[in-house]
$ cat structure.tsv   # TSV, C-alpha atoms and all ligand atoms
chain	number	residue	atom	x	y	z
F	1	MET	CA	9.59	8.14	29.56
F	2	ARG	CA	9.91	4.80	27.84
F	3	PRO	CA	10.28	5.20	24.09
F	4	ILE	CA	7.28	4.13	22.00
F	5	VAL	CA	7.70	1.89	18.98
F	6	ALA	CA	4.71	1.76	16.64
F	7	ILE	CA	4.05	-1.40	14.63
F	8	VAL	CA	2.22	-0.40	11.46
F	9	GLY	CA	1.26	-1.96	8.15
F	10	ARG	CA	-1.80	-3.22	6.35
F	11	PRO	CA	-3.96	-5.92	7.98
F	12	ASN	CA	-2.75	-9.52	8.13
F	13	VAL	CA	0.97	-8.94	7.58
F	14	GLY	CA	1.83	-10.32	11.03
F	15	LYS	CA	1.99	-7.23	13.26
F	16	SER	CA	0.39	-8.91	16.27
F	17	THR	CA	2.50	-12.04	15.81
F	18	LEU	CA	5.64	-9.88	15.96
F	19	VAL	CA	4.39	-8.07	19.06
F	20	ASN	CA	3.81	-11.40	20.78
F	21	ARG	CA	7.34	-12.49	19.93
F	22	ILE	CA	8.97	-9.31	21.24
F	23	ALA	CA	6.81	-8.22	24.19
F	24	GLN	CA	6.87	-9.53	27.74
F	25	THR	CA	3.42	-8.33	28.69
F	26	GLY	CA	0.00	-8.59	27.17
F	27	GLU	CA	-1.16	-10.87	24.46
F	28	ALA	CA	-1.74	-9.33	21.03
F	29	ILE	CA	-4.59	-11.02	19.21
F	30	VAL	CA	-3.46	-12.96	16.15
F	31	HIS	CA	-6.12	-13.88	13.68
F	32	GLU	CA	-6.45	-15.38	10.22
F	33	SER	CA	-8.93	-12.74	9.10
F	34	ARG	CA	-8.11	-9.13	8.36
F	35	GLY	CA	-8.60	-6.26	10.75
F	36	VAL	CA	-8.93	-8.07	14.05
F	37	THR	CA	-6.83	-5.71	16.16
F	38	ARG	CA	-9.16	-2.73	16.11
F	39	ASP	CA	-7.55	-0.36	18.54
F	40	ARG	CA	-4.08	0.43	19.70
F	41	THR	CA	-2.71	-1.83	22.41
F	42	TYR	CA	0.48	-1.17	24.39
F	43	HIS	CA	2.98	-3.88	25.32
F	44	GLN	CA	6.10	-3.57	27.42
F	45	ALA	CA	9.32	-4.87	25.92
F	46	ASP	CA	13.03	-4.74	26.47
F	47	TRP	CA	16.03	-5.77	24.45
F	48	ASN	CA	19.54	-5.89	25.90
F	49	GLY	CA	18.28	-3.90	28.88
F	50	ILE	CA	16.74	-1.12	26.80
F	51	GLU	CA	13.07	-0.78	27.68
F	52	PHE	CA	10.40	0.43	25.29
F	53	ASP	CA	6.67	0.15	24.66
F	54	LEU	CA	5.34	-1.52	21.52
F	55	VAL	CA	2.07	-0.25	20.10
F	56	ASP	CA	0.12	-2.80	18.10
F	57	THR	CA	-2.35	-1.28	15.65
F	58	GLY	CA	-5.28	-2.49	13.61
F	59	GLY	CA	-3.56	-1.84	10.33
F	60	ILE	CA	-3.32	1.29	8.26
F	61	GLU	CA	-6.06	1.54	5.68
F	62	PRO	CA	-4.82	3.60	2.76
F	63	LEU	CA	-6.31	7.06	2.57
F	64	LYS	CA	-8.12	8.15	-0.58
F	65	SER	CA	-5.79	11.05	-1.15
F	66	ASP	CA	-2.02	10.74	-1.33
F	67	ASP	CA	-1.81	13.69	0.99
F	68	ALA	CA	-2.36	11.93	4.30
F	69	PHE	CA	-2.16	15.08	6.36
F	70	SER	CA	-4.51	17.30	4.40
F	71	GLY	CA	-7.64	15.44	5.47
F	72	PRO	CA	-8.71	14.32	8.93
F	73	ILE	CA	-6.51	11.62	10.41
F	74	ARG	CA	-9.07	8.86	10.73
F	75	ASP	CA	-6.81	5.98	11.47
F	76	GLN	CA	-5.47	4.71	14.78
F	77	ALA	CA	-2.37	3.35	13.15
F	78	LEU	CA	-1.36	6.65	11.66
F	79	ALA	CA	-1.99	8.33	14.99
F	80	ALA	CA	0.21	5.72	16.68
F	81	ALA	CA	2.95	6.30	14.12
F	82	LEU	CA	2.86	10.03	14.70
F	83	GLU	CA	3.32	9.74	18.46
F	84	ALA	CA	6.05	7.10	18.23
F	85	ASP	CA	9.78	7.40	18.74
F	86	ALA	CA	10.40	4.76	16.05
F	87	ILE	CA	8.25	2.90	13.55
F	88	LEU	CA	8.36	-0.70	12.38
F	89	PHE	CA	6.61	-0.80	9.00
F	90	ILE	CA	5.63	-4.42	8.42
F	91	VAL	CA	5.01	-5.91	4.97
F	92	ASP	CA	4.30	-9.47	3.84
F	93	GLY	CA	7.16	-11.25	2.07
F	94	LYS	CA	4.81	-13.94	0.81
F	95	THR	CA	2.49	-11.58	-1.06
F	96	GLY	CA	5.13	-9.06	-2.15
F	97	ALA	CA	4.66	-5.28	-2.09
F	98	THR	CA	1.06	-4.27	-2.77
F	99	GLU	CA	-0.58	-0.96	-3.67
F	100	GLU	CA	-1.74	-0.74	-0.07
F	101	ASP	CA	1.88	-1.03	1.07
F	102	GLU	CA	2.85	1.75	-1.35
F	103	SER	CA	0.11	3.97	0.03
F	104	VAL	CA	1.21	3.34	3.61
F	105	ALA	CA	4.85	3.93	2.62
F	106	ARG	CA	3.95	7.33	1.15
F	107	MET	CA	2.35	8.33	4.46
F	108	LEU	CA	5.20	7.02	6.59
F	109	LYS	CA	7.93	8.69	4.53
F	110	ARG	CA	6.93	11.96	6.16
F	111	ALA	CA	7.55	10.66	9.66
F	112	SER	CA	10.47	12.36	11.33
F	113	VAL	CA	11.47	9.37	13.48
F	114	PRO	CA	13.53	6.27	12.56
F	115	LEU	CA	11.55	3.97	10.25
F	116	PHE	CA	12.39	0.31	9.72
F	117	LEU	CA	10.95	-1.60	6.77
F	118	VAL	CA	10.33	-5.16	7.99
F	119	VAL	CA	9.58	-7.96	5.51
F	120	ASN	CA	7.76	-10.67	7.48
F	121	LYS	CA	6.80	-14.28	6.74
F	122	LEU	CA	10.24	-15.14	5.35
F	123	ASP	CA	10.18	-18.50	7.11
F	124	ASN	CA	12.97	-19.91	4.95
F	125	PRO	CA	16.11	-17.75	5.36
F	126	ALA	CA	17.76	-19.45	2.38
F	127	ARG	CA	15.17	-17.94	0.05
F	128	GLU	CA	14.84	-14.46	1.51
F	129	GLN	CA	17.26	-12.69	-0.89
F	130	GLU	CA	15.02	-13.63	-3.85
F	131	VAL	CA	12.10	-11.60	-2.51
F	132	LEU	CA	13.83	-8.80	-0.60
F	133	TRP	CA	14.94	-6.72	-3.58
F	134	GLU	CA	11.44	-5.79	-4.68
F	135	PHE	CA	10.71	-4.01	-1.40
F	136	TYR	CA	13.36	-1.35	-2.12
F	137	SER	CA	10.76	0.10	-4.52
F	138	LEU	CA	8.69	1.25	-1.52
F	139	GLY	CA	11.30	3.98	-1.07
F	140	VAL	CA	11.61	3.64	2.70
F	141	GLY	CA	15.09	2.18	2.87
F	142	GLU	CA	16.61	-1.21	3.36
F	143	PRO	CA	14.22	-4.15	3.93
F	144	HIS	CA	14.83	-6.23	7.08
F	145	PRO	CA	13.85	-9.90	6.60
F	146	ILE	CA	12.15	-11.68	9.48
F	147	SER	CA	9.84	-14.53	10.35
F	148	ALA	CA	7.72	-13.38	13.28
F	149	LEU	CA	6.41	-16.93	13.50
F	150	HIS	CA	9.80	-18.66	13.82
F	151	GLY	CA	11.93	-15.78	15.07
F	152	HIS	CA	14.47	-15.59	12.25
F	153	GLY	CA	15.87	-12.09	11.87
F	154	THR	CA	14.09	-10.60	14.86
F	155	GLY	CA	17.27	-10.34	16.98
F	156	ASP	CA	19.12	-8.39	14.28
F	157	LEU	CA	16.08	-6.15	13.82
F	158	LEU	CA	15.86	-5.44	17.57
F	159	ASP	CA	19.60	-4.65	17.71
F	160	GLU	CA	19.09	-1.97	15.06
F	161	LEU	CA	15.87	-0.73	16.62
F	162	VAL	CA	17.23	-0.14	20.13
F	163	ALA	CA	20.36	1.49	18.71
F	164	ALA	CA	18.04	4.08	17.15
F	165	LEU	CA	16.01	4.79	20.32
M	201	LIG	P1	-1.86	-8.53	11.77
M	201	LIG	O1	-3.24	-8.37	11.21
M	201	LIG	O2	-0.87	-7.73	10.97
M	201	LIG	O3	-1.76	-8.26	13.24
M	201	LIG	O4	-1.45	-10.06	11.52
M	201	LIG	P2	-1.47	-11.30	12.55
M	201	LIG	O5	-0.31	-11.21	13.48
M	201	LIG	O6	-2.83	-11.41	13.12
M	201	LIG	O7	-1.14	-12.51	11.55
M	201	LIG	C1	-1.94	-12.77	10.42
M	201	LIG	C2	-1.65	-14.16	9.91
M	201	LIG	O8	-0.29	-14.25	9.43
M	201	LIG	C3	-1.79	-15.24	10.99
M	201	LIG	O9	-2.36	-16.38	10.41
M	201	LIG	C4	-0.34	-15.47	11.42
M	201	LIG	O10	-0.13	-16.77	11.96
M	201	LIG	C5	0.37	-15.32	10.08
M	201	LIG	N1	1.81	-14.99	10.25
M	201	LIG	C6	2.33	-14.00	11.02
M	201	LIG	N2	3.68	-14.00	10.98
M	201	LIG	C7	4.04	-15.02	10.16
M	201	LIG	C8	5.32	-15.56	9.73
M	201	LIG	O11	6.41	-15.10	10.08
M	201	LIG	N3	5.25	-16.62	8.87
M	201	LIG	C9	4.08	-17.15	8.45
M	201	LIG	N4	4.14	-18.18	7.61
M	201	LIG	N5	2.87	-16.69	8.86
M	201	LIG	C10	2.85	-15.65	9.71
M	202	MG	MG	-3.21	-7.58	14.56
$ encode --input "structure.tsv" --output "structure tokens"
Amino acid sequence: MRPIVAIVGRPNVGKSTLVNRIAQTGEAIVHESRGVTRDRTYHQADWNGIEFDLVDTGGIEPLKSDDAFSGPIRDQALAAALEADAILFIVDGKTGATEEDESVARMLKRASVPLFLVVNKLDNPAREQEVLWEFYSLGVGEPHPISALHGHGTGDLLDELVAAL
């Protein structure tokens, strides 16, 4: 079985853009408006000869309760995260960490698979250190800076990801 890597995060952080950068097959739909990718889509990828499937999701909407697993799981993205072998949790380096991100982080902390916090939209590598520190407060480990649009940081991220698969 090819390992499954779930791409999760709130809408509009650049999940589909990252999938399109990494995957060889299938086009993920990138859109200016929130919530365009409604369902899960699967995309084949490989890095340094290690094959895996990326799952693009519509974006985790925060649950009302902090206890994500006490109520019905009503979100595709959470379902994708739970079946994955690794999770890329994408946040937006331009907007900073939001309450929605904190809510998603609380859900994902319970995952038992490797979780990578990815700070996207850092198009200018020279400025990334200024914004990275604040994402430690999400409590899901070290933030990995990338620009899905330009490709900065994605090679280092993929090196770490496939080492964990
Ligand atoms: P999704 O809802 O998380 O799948 O987000 P999308 O991939 O659809 O992207 C939402 C918007 O963010 C689009 O306008 C993208 O072009 C933009 N975007 C994605 N990645 C980057 C990036 O690295 N830098 C910048 N500046 N914009 C980005
Ligand atoms: Mg999308």
$ residues_around --input "structure.tsv" --residues "Val55 of chain F" --least-positions-apart "5" --cutoff "8 Å" --atoms "only C-alpha atoms" --output "ChimeraX atom specification"
/F:4-7,40-43,80
$ residues_around --input "structure.tsv" --residues "Leu157 of chain F" --least-positions-apart "2" --cutoff "9 Å" --atoms "all atoms listed in the file" --output "compact mmCIF listing (two decimals) with C-alpha atoms, keeping the file's coordinate frame"
# COMPACT_ATOMS: atom_id res chain seq x y z
CA PHE F 116 12.39 0.31 9.72
CA VAL F 118 10.33 -5.16 7.99
CA HIS F 144 14.83 -6.23 7.08
CA PRO F 145 13.85 -9.90 6.60
CA ILE F 146 12.15 -11.68 9.48
CA GLY F 153 15.87 -12.09 11.87
CA THR F 154 14.09 -10.60 14.86
CA GLY F 155 17.27 -10.34 16.98
CA ASP F 159 19.60 -4.65 17.71
CA GLU F 160 19.09 -1.97 15.06
CA LEU F 161 15.87 -0.73 16.62
CA VAL F 162 17.23 -0.14 20.13
$ closest_residue --input "structure.tsv" --among "F:Leu158, F:Leu78, F:Ala86, F:Val131" --to "Leu18 of chain F" --atoms "all atoms listed in the file"
F:Leu158
$ closest_residue --input "structure.tsv" --among "F:Gly93, F:Pro143, F:Gly49, F:Pro3" --to "ligand LIG 201 (chain M)" --atoms "all atoms listed in the file"
F:Gly93
$ closest_residue --input "structure.tsv" --among "F:Asp46, F:Asp53, F:Asp123, F:Glu128" --to "ligand LIG 201 (chain M)" --atoms "all atoms listed in the file"
F:Asp123
$ atom_distance --input "structure.tsv" --atom1 "atom CA of Arg21 of chain F" --atom2 "atom CA of Leu149 of chain F"
7.9 Å
$ atom_distance --input "structure.tsv" --atom1 "atom CA of Gln129 of chain F" --atom2 "atom O9 of ligand LIG 201 (chain M)"
22.9 Å
$ residues_near_point --input "structure.tsv" --point "(5.4, 10.6, 16.3)" --cutoff "9 Å" --atoms "all atoms listed in the file" --output "PDB file with C-alpha atoms, keeping the file's coordinate frame"
ATOM      1  CA  ILE F   4       7.280   4.130  22.000  1.00  0.00           C
ATOM      2  CA  ALA F   6       4.710   1.760  16.640  1.00  0.00           C
ATOM      3  CA  ALA F  79      -1.990   8.330  14.990  1.00  0.00           C
ATOM      4  CA  ALA F  80       0.210   5.720  16.680  1.00  0.00           C
ATOM      5  CA  ALA F  81       2.950   6.300  14.120  1.00  0.00           C
ATOM      6  CA  LEU F  82       2.860  10.030  14.700  1.00  0.00           C
ATOM      7  CA  GLU F  83       3.320   9.740  18.460  1.00  0.00           C
ATOM      8  CA  ALA F  84       6.050   7.100  18.230  1.00  0.00           C
ATOM      9  CA  ASP F  85       9.780   7.400  18.740  1.00  0.00           C
ATOM     10  CA  ALA F  86      10.400   4.760  16.050  1.00  0.00           C
ATOM     11  CA  ILE F  87       8.250   2.900  13.550  1.00  0.00           C
ATOM     12  CA  ALA F 111       7.550  10.660   9.660  1.00  0.00           C
ATOM     13  CA  SER F 112      10.470  12.360  11.330  1.00  0.00           C
ATOM     14  CA  VAL F 113      11.470   9.370  13.480  1.00  0.00           C
TER      15      VAL F 113
END
$ closest_residue --input "structure.tsv" --among "F:Asn124, F:Ala45, F:Glu51, F:Ile90" --to "ligand MG 202 (chain M)" --atoms "all atoms listed in the file"
F:Ile90
$ atom_distance --input "structure.tsv" --atom1 "atom CA of Asn12 of chain F" --atom2 "atom C8 of ligand LIG 201 (chain M)"
10.2 Å
$ closest_residue --input "structure.tsv" --among "F:Met107, F:Leu122, F:Val8, F:Leu165" --to "Gly139 of chain F" --atoms "all atoms listed in the file"
F:Met107
$ closest_residue --input "structure.tsv" --among "F:Leu88, F:Val19, F:Met1, F:Val13" --to "Phe52 of chain F" --atoms "only C-alpha atoms"
F:Met1
$ build_atoms --input "structure.tsv" --residues "segment 111-132 of chain F" --atoms "N, CA and C atoms" --output "mmCIF file, in the frame of the given file"
data_model
loop_
_atom_site.group_PDB
_atom_site.id
_atom_site.type_symbol
_atom_site.label_atom_id
_atom_site.label_comp_id
_atom_site.auth_asym_id
_atom_site.auth_seq_id
_atom_site.Cartn_x
_atom_site.Cartn_y
_atom_site.Cartn_z
ATOM 1 N N ALA F 111 7.261 10.754 8.222
ATOM 2 C CA ALA F 111 7.550 10.660 9.660
ATOM 3 C C ALA F 111 8.978 11.148 9.905
ATOM 4 N N SER F 112 9.147 11.795 11.048
ATOM 5 C CA SER F 112 10.470 12.360 11.330
ATOM 6 C C SER F 112 11.286 11.461 12.252
ATOM 7 N N VAL F 113 10.769 10.277 12.581
ATOM 8 C CA VAL F 113 11.470 9.370 13.480
ATOM 9 C C VAL F 113 12.031 8.182 12.681
ATOM 10 N N PRO F 114 12.967 7.415 13.274
ATOM 11 C CA PRO F 114 13.530 6.270 12.560
ATOM 12 C C PRO F 114 12.437 5.291 12.116
ATOM 13 N N LEU F 115 12.547 4.860 10.856
ATOM 14 C CA LEU F 115 11.550 3.970 10.250
ATOM 15 C C LEU F 115 12.273 2.732 9.740
ATOM 16 N N PHE F 116 11.785 1.562 10.151
ATOM 17 C CA PHE F 116 12.390 0.310 9.720
ATOM 18 C C PHE F 116 11.385 -0.460 8.866
ATOM 19 N N LEU F 117 11.788 -0.784 7.651
ATOM 20 C CA LEU F 117 10.950 -1.600 6.770
ATOM 21 C C LEU F 117 11.233 -3.072 7.091
ATOM 22 N N VAL F 118 10.176 -3.782 7.522
ATOM 23 C CA VAL F 118 10.330 -5.160 7.990
ATOM 24 C C VAL F 118 9.540 -6.087 7.061
ATOM 25 N N VAL F 119 10.239 -7.018 6.403
ATOM 26 C CA VAL F 119 9.580 -7.960 5.510
ATOM 27 C C VAL F 119 9.365 -9.260 6.271
ATOM 28 N N ASN F 120 8.098 -9.516 6.632
ATOM 29 C CA ASN F 120 7.760 -10.670 7.480
ATOM 30 C C ASN F 120 7.379 -11.889 6.637
ATOM 31 N N LYS F 121 7.214 -12.987 7.306
ATOM 32 C CA LYS F 121 6.800 -14.280 6.740
ATOM 33 C C LYS F 121 7.876 -14.905 5.851
ATOM 34 N N LEU F 122 9.148 -14.496 6.076
ATOM 35 C CA LEU F 122 10.240 -15.140 5.350
ATOM 36 C C LEU F 122 10.738 -16.284 6.225
ATOM 37 N N ASP F 123 9.949 -17.365 6.208
ATOM 38 C CA ASP F 123 10.180 -18.500 7.110
ATOM 39 C C ASP F 123 11.410 -19.304 6.709
ATOM 40 N N ASN F 124 11.822 -19.174 5.444
ATOM 41 C CA ASN F 124 12.970 -19.910 4.950
ATOM 42 C C ASN F 124 14.104 -18.929 4.613
ATOM 43 N N PRO F 125 15.053 -18.747 5.560
ATOM 44 C CA PRO F 125 16.110 -17.750 5.360
ATOM 45 C C PRO F 125 16.889 -17.946 4.063
ATOM 46 N N ALA F 126 16.988 -19.180 3.596
ATOM 47 C CA ALA F 126 17.760 -19.450 2.380
ATOM 48 C C ALA F 126 17.134 -18.784 1.156
ATOM 49 N N ARG F 127 15.838 -18.505 1.223
ATOM 50 C CA ARG F 127 15.170 -17.940 0.050
ATOM 51 C C ARG F 127 14.885 -16.451 0.157
ATOM 52 N N GLU F 128 15.309 -15.821 1.272
ATOM 53 C CA GLU F 128 14.840 -14.460 1.510
ATOM 54 C C GLU F 128 15.408 -13.447 0.503
ATOM 55 N N GLN F 129 16.661 -13.664 0.026
ATOM 56 C CA GLN F 129 17.260 -12.690 -0.890
ATOM 57 C C GLN F 129 16.460 -12.550 -2.187
ATOM 58 N N GLU F 130 15.807 -13.655 -2.606
ATOM 59 C CA GLU F 130 15.020 -13.630 -3.850
ATOM 60 C C GLU F 130 13.874 -12.614 -3.775
ATOM 61 N N VAL F 131 13.285 -12.469 -2.606
ATOM 62 C CA VAL F 131 12.100 -11.600 -2.510
ATOM 63 C C VAL F 131 12.411 -10.216 -1.961
ATOM 64 N N LEU F 132 13.559 -10.080 -1.275
ATOM 65 C CA LEU F 132 13.830 -8.800 -0.600
ATOM 66 C C LEU F 132 13.962 -7.622 -1.540
#
